[in-house]
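What follows is the content of final04.txt, which has compact mmCIF, C-alpha atoms and all ligand atoms:
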# COMPACT_ATOMS: atom_id res chain seq x y z
CA MET A 1 0.00 0.00 0.00
CA ALA A 2 1.34 3.47 -0.89
CA LYS A 3 1.99 5.68 2.11
CA VAL A 4 -0.41 8.50 2.86
CA SER A 5 1.66 11.71 2.84
CA VAL A 6 1.04 14.80 4.95
CA LEU A 7 2.80 18.17 4.67
CA PHE A 8 2.22 20.86 7.32
CA VAL A 9 2.83 24.41 6.11
CA CYS A 10 3.17 27.80 7.83
CA LEU A 11 5.08 30.94 6.91
CA GLY A 12 8.56 30.38 8.35
CA ASN A 13 8.61 26.61 9.09
CA ILE A 14 10.16 27.35 12.49
CA CYS A 15 7.11 27.69 14.80
CA ARG A 16 3.71 26.29 13.83
CA SER A 17 4.40 23.69 11.12
CA PRO A 18 7.36 21.98 12.87
CA THR A 19 5.19 21.87 16.00
CA ALA A 20 2.44 20.16 13.96
CA GLU A 21 5.00 17.79 12.42
CA GLY A 22 6.37 16.81 15.85
CA ILE A 23 2.97 16.33 17.47
CA PHE A 24 1.57 14.37 14.53
CA ARG A 25 4.68 12.16 14.30
CA ALA A 26 4.35 11.28 18.00
CA LEU A 27 0.67 10.45 17.59
CA VAL A 28 1.27 8.30 14.51
CA ARG A 29 4.10 6.48 16.32
CA ALA A 30 1.93 5.91 19.41
CA GLN A 31 -0.66 4.21 17.20
CA GLY A 32 1.99 2.10 15.41
CA LEU A 33 1.24 3.63 12.00
CA GLU A 34 4.68 5.01 11.00
CA GLN A 35 5.02 2.64 8.06
CA PHE A 36 1.78 3.92 6.54
CA ILE A 37 2.15 7.69 6.85
CA LEU A 38 4.88 10.03 5.56
CA ILE A 39 5.11 13.33 7.45
CA ASP A 40 6.97 16.57 6.67
CA SER A 41 6.67 20.35 7.09
CA ALA A 42 7.66 23.45 5.11
CA GLY A 43 7.26 27.23 4.99
CA THR A 44 5.75 29.42 2.30
CA HIS A 45 8.73 31.79 2.61
CA ALA A 46 12.49 31.30 2.50
CA TYR A 47 13.45 33.29 5.62
CA HIS A 48 14.52 30.34 7.78
CA ILE A 49 15.77 27.64 5.42
CA GLY A 50 18.10 25.22 7.20
CA GLU A 51 17.28 26.56 10.67
CA ALA A 52 16.11 24.54 13.67
CA PRO A 53 12.68 25.42 15.10
CA ASP A 54 12.42 28.61 17.18
CA VAL A 55 13.77 27.97 20.70
CA ARG A 56 10.39 28.98 22.19
CA ALA A 57 8.59 26.41 20.03
CA GLN A 58 11.15 23.76 21.01
CA ALA A 59 10.76 24.56 24.72
CA ALA A 60 6.96 24.50 24.62
CA ALA A 61 6.92 21.18 22.74
CA ALA A 62 9.56 19.69 25.07
CA ARG A 63 7.28 20.42 28.04
CA ARG A 64 4.79 18.05 26.39
CA GLY A 65 7.44 15.41 25.68
CA ILE A 66 7.99 16.30 22.02
CA ASP A 67 11.53 16.85 20.67
CA LEU A 68 11.66 19.26 17.69
CA SER A 69 15.43 19.82 17.78
CA GLY A 70 16.24 17.67 14.74
CA LEU A 71 13.89 19.46 12.35
CA ARG A 72 15.18 22.01 9.81
CA GLY A 73 13.34 24.71 7.90
CA ARG A 74 12.65 24.37 4.20
CA GLN A 75 10.45 26.12 1.67
CA ALA A 76 7.35 24.52 0.15
CA THR A 77 7.55 23.89 -3.61
CA ARG A 78 5.14 23.26 -6.47
CA ALA A 79 6.42 19.66 -6.52
CA ASP A 80 5.37 19.25 -2.87
CA ILE A 81 1.81 20.12 -3.80
CA GLU A 82 1.89 17.66 -6.64
CA THR A 83 3.26 14.79 -4.55
CA PHE A 84 1.73 15.14 -1.06
CA ASP A 85 -1.80 13.85 -0.37
CA PHE A 86 -2.61 16.38 2.36
CA ILE A 87 -1.08 19.88 2.31
CA LEU A 88 -2.28 21.52 5.51
CA ALA A 89 -2.04 25.29 5.90
CA MET A 90 -1.86 26.83 9.35
CA ASP A 91 -3.78 29.96 8.32
CA HIS A 92 -5.71 31.55 5.45
CA GLU A 93 -2.65 33.45 4.24
CA ASN A 94 -0.65 30.22 3.91
CA LEU A 95 -3.68 28.61 2.23
CA ALA A 96 -3.92 31.36 -0.42
CA HIS A 97 -0.18 31.20 -1.05
CA LEU A 98 -0.23 27.41 -1.50
CA ARG A 99 -3.27 27.47 -3.77
CA ASN A 100 -1.46 30.01 -5.99
CA LEU A 101 1.60 27.78 -6.07
CA SER A 102 -0.43 24.66 -6.85
CA PRO A 103 -0.20 22.94 -10.23
CA PRO A 104 -3.65 22.75 -11.89
CA GLY A 105 -5.80 19.98 -10.47
CA HIS A 106 -4.01 19.72 -7.13
CA GLU A 107 -5.61 22.69 -5.31
CA HIS A 108 -8.18 20.46 -3.56
CA LYS A 109 -5.40 18.81 -1.51
CA VAL A 110 -4.49 22.16 0.06
CA ARG A 111 -6.68 22.67 3.15
CA LEU A 112 -6.71 24.46 6.48
CA PHE A 113 -5.28 22.22 9.22
CA LEU A 114 -7.98 23.34 11.67
CA GLU A 115 -10.66 21.79 9.41
CA PHE A 116 -9.71 18.68 11.41
CA ALA A 117 -10.60 20.36 14.72
CA PRO A 118 -14.22 21.28 13.89
CA GLN A 119 -15.08 21.59 17.58
CA ARG A 120 -12.79 24.63 17.88
CA PRO A 121 -14.08 28.10 16.98
CA GLU A 122 -10.84 29.20 15.24
CA ARG A 123 -9.94 28.42 11.61
CA ASP A 124 -6.37 29.79 11.79
CA VAL A 125 -3.49 28.73 14.03
CA PRO A 126 -2.24 32.20 15.00
CA ASP A 127 1.36 33.10 14.24
CA PRO A 128 3.18 33.07 17.63
CA TYR A 129 6.46 34.51 16.31
CA PHE A 130 5.99 38.13 17.39
CA GLY A 131 3.91 37.43 20.51
CA GLY A 132 4.59 36.22 24.06
CA ALA A 133 5.50 32.74 25.26
CA GLY A 134 1.84 31.85 25.91
CA GLY A 135 1.24 31.89 22.14
CA PHE A 136 3.28 28.72 21.78
CA ASP A 137 1.15 26.79 24.28
CA ARG A 138 -1.96 27.98 22.49
CA VAL A 139 -0.51 26.70 19.21
CA LEU A 140 0.15 23.32 20.87
CA ASP A 141 -3.41 23.07 22.20
CA MET A 142 -4.84 23.71 18.74
CA VAL A 143 -2.35 21.46 16.97
CA GLU A 144 -2.99 18.55 19.36
CA GLU A 145 -6.72 18.65 18.64
CA ALA A 146 -6.34 18.97 14.87
CA ALA A 147 -3.65 16.25 14.77
CA ALA A 148 -6.01 13.82 16.51
CA GLY A 149 -8.83 14.71 14.08
CA LEU A 150 -6.52 14.35 11.09
CA LEU A 151 -5.29 10.91 12.13
CA GLU A 152 -8.84 9.75 12.74
CA HIS A 153 -9.78 11.00 9.26
CA ILE A 154 -6.81 9.25 7.62
CA ARG A 155 -7.53 6.00 9.46
CA ARG A 156 -11.16 6.08 8.40
CA GLU A 157 -10.73 7.25 4.80
CA ARG A 158 -7.38 5.80 3.77
CA LEU A 159 -6.24 2.98 6.04
CA GLU A 160 -9.37 0.91 6.77
P1 LIG B 1 5.85 30.27 11.64
O1 LIG B 1 6.24 31.61 12.39
O2 LIG B 1 5.24 30.68 10.30
O3 LIG B 1 4.85 29.63 12.52
O4 LIG B 1 7.12 29.47 11.48
C1 LIG B 1 7.00 32.64 11.82
C2 LIG B 1 8.36 32.52 11.74
C3 LIG B 1 9.10 33.56 11.22
C4 LIG B 1 8.49 34.70 10.76
C5 LIG B 1 7.12 34.83 10.84
C6 LIG B 1 6.37 33.78 11.37
N1 LIG B 1 9.27 35.77 10.24
O5 LIG B 1 8.70 36.83 9.92
O6 LIG B 1 10.50 35.63 10.12

Let me see the structure of the file written as structure tokens.
Ligand code: 4NP
Amino acid sequence: MAKVSVLFVCLGNICRSPTAEGIFRALVRAQGLEQFILIDSAGTHAYHIGEAPDVRAQAAAARRGIDLSGLRGRQATRADIETFDFILAMDHENLAHLRNLSPPGHEHKVRLFLEFAPQRPERDVPDPYFGGAGGFDRVLDMVEEAAAGLLEHIRRERLE
């Protein structure tokens, strides 16, 4: 069976999308599904290529047992949109950017990550980069809910 592939995308690939990658990886591992799901993250912009996640994002994730230190920033490409099954934008700005970048016929795979947390009122994971430390915990709360919803969706639609 071909792996289901998931790409998380934010602006810089140093705060929100690596957090989503780390949380989702841990969840997939806990359910023994690593061999079925390929996971990655990227940014719409090139500001932080090759960099480790923001130290505040790493610290907040570490408090929940998630190690983000090995991840490195990269920029999302047109080829990513062609090859990944799920391209999950953290906010509407990322969504618009990715849909513009998309090769024709692949736009439907680009969605808002918080579609998978329908019980939450927000649609965007807010950018924590310029805010206080509490922003990173808020990102984690949202990402944990959406990651659980996403994995449930993938299990139901693609792995049953
Ligand atoms: P991210 O956060 O998109 O969640 O990785 C940001 C990181 C860097 C910048 C903005 C947002 N920046 O302007 O450099």

Point to revise | Shell of 10 Å around ligand LIG 1 (chain B) (all atoms listed in the file), written as an MDAnalysis selection string | key: chainID A and resid 9:20 42:48 53:54 57 73 90:91 94 125:130 136 139

Check your understanding: Within 10 Å of Gly70 of chain A, counting all atoms listed in the file, which residues qualify if same-chain residues fewer than 3 places away don't, as a list in words?
Key -> Gly22, Glu51, Ala52, Pro53 and Asp67 of chain A

Check your understanding: If I put a ball of radius 10 Å at (-3.4, 18.8, 2.0) in the file's coordinates, which residues poke into it when counting all atoms listed in the file, written as a list of chain:residue names?
Key -> A:Ser5, A:Val6, A:Leu7, A:Phe8, A:Val9, A:Ile81, A:Phe84, A:Asp85, A:Phe86, A:Ile87, A:Leu88, A:Ala89, A:Leu95, A:Leu98, A:His106, A:Glu107, A:His108, A:Lys109, A:Val110, A:Arg111, A:Leu112, A:Phe113

Point to revise | Coordinates-based distance that separates atom CA of Gly135 of chain A from atom CA of Ala117 of chain A (Å, one decimal) | key: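 Pair atom CA of Ala117 of chain A / atom CA of Gly135 of chain A returns 18.1 Å.
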
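Residue nearest Phe116 of chain A within the list A:Leu151, A:Asp141, A:Pro103, A:Glu82: A:Leu151 [criterion: smallest interatomic distance, all atoms listed in the file].
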
Check your understanding: Suppose you want the space between atom CA of Gly105 of chain A and atom CA of Arg25 of chain A; what is it in Å?
Key ->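 So the answer is 28.0 Å.
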
Exercise for review: Return the single residue from A:Pro104, A:Leu159, A:Arg72, A:Asp80 that is closest to Ala2 of chain A, with distances computed using all atoms listed in the file.
Suggested key: A:Leu159

Check your understanding: So how far away is atom CA of Ala146 of chain A from atom CA of Leu38 of chain A, in Å?
Key ->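 Straight-line distance from atom CA of Leu38 of chain A to atom CA of Ala146 of chain A works out to 17.1 Å.
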
Exercise for review: Could you check which of A:Ile23, A:Pro121, A:Gly50, A:Val28 is closest to Val4 of chain A, using only C-alpha atoms?
Suggested key: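 Smallest separation from Val4 of chain A among the options: A:Val28.
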
Practice item. Using all atoms listed in the file, pick whichever of A:Glu115, A:Asp40, A:Glu122, A:Asp137 has the shortest atom-to-atom distance to Arg56 of chain A. Key: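 For Arg56 of chain A, the nearest of the given residues is A:Asp137.
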
Check your understanding: What lies within 12 Å of Gly149 of chain A using only C-alpha atoms, ignoring chain neighbours under 4 positions off, as a list in words?
Key ->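 The residues that qualify are Phe24, Leu27, Val28, Phe113, Leu114, Glu115, Phe116, Ala117, Pro118, Gln119, Arg120, Met142, Val143, Glu144, Glu145, His153, Ile154, Arg155 and Arg156 of chain A.
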
Review point. Using all atoms listed in the file, which of A:Arg99, A:Ala60, A:Ser69, A:Arg158 sits nearest Arg138 of chain A?
Key: A:Ala60

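For the set A:Leu140, A:Ala76, A:Met1, A:Ile66, the residue with the smallest atom-to-atom gap to Phe36 of chain A is A:Met1, counting all atoms listed in the file.
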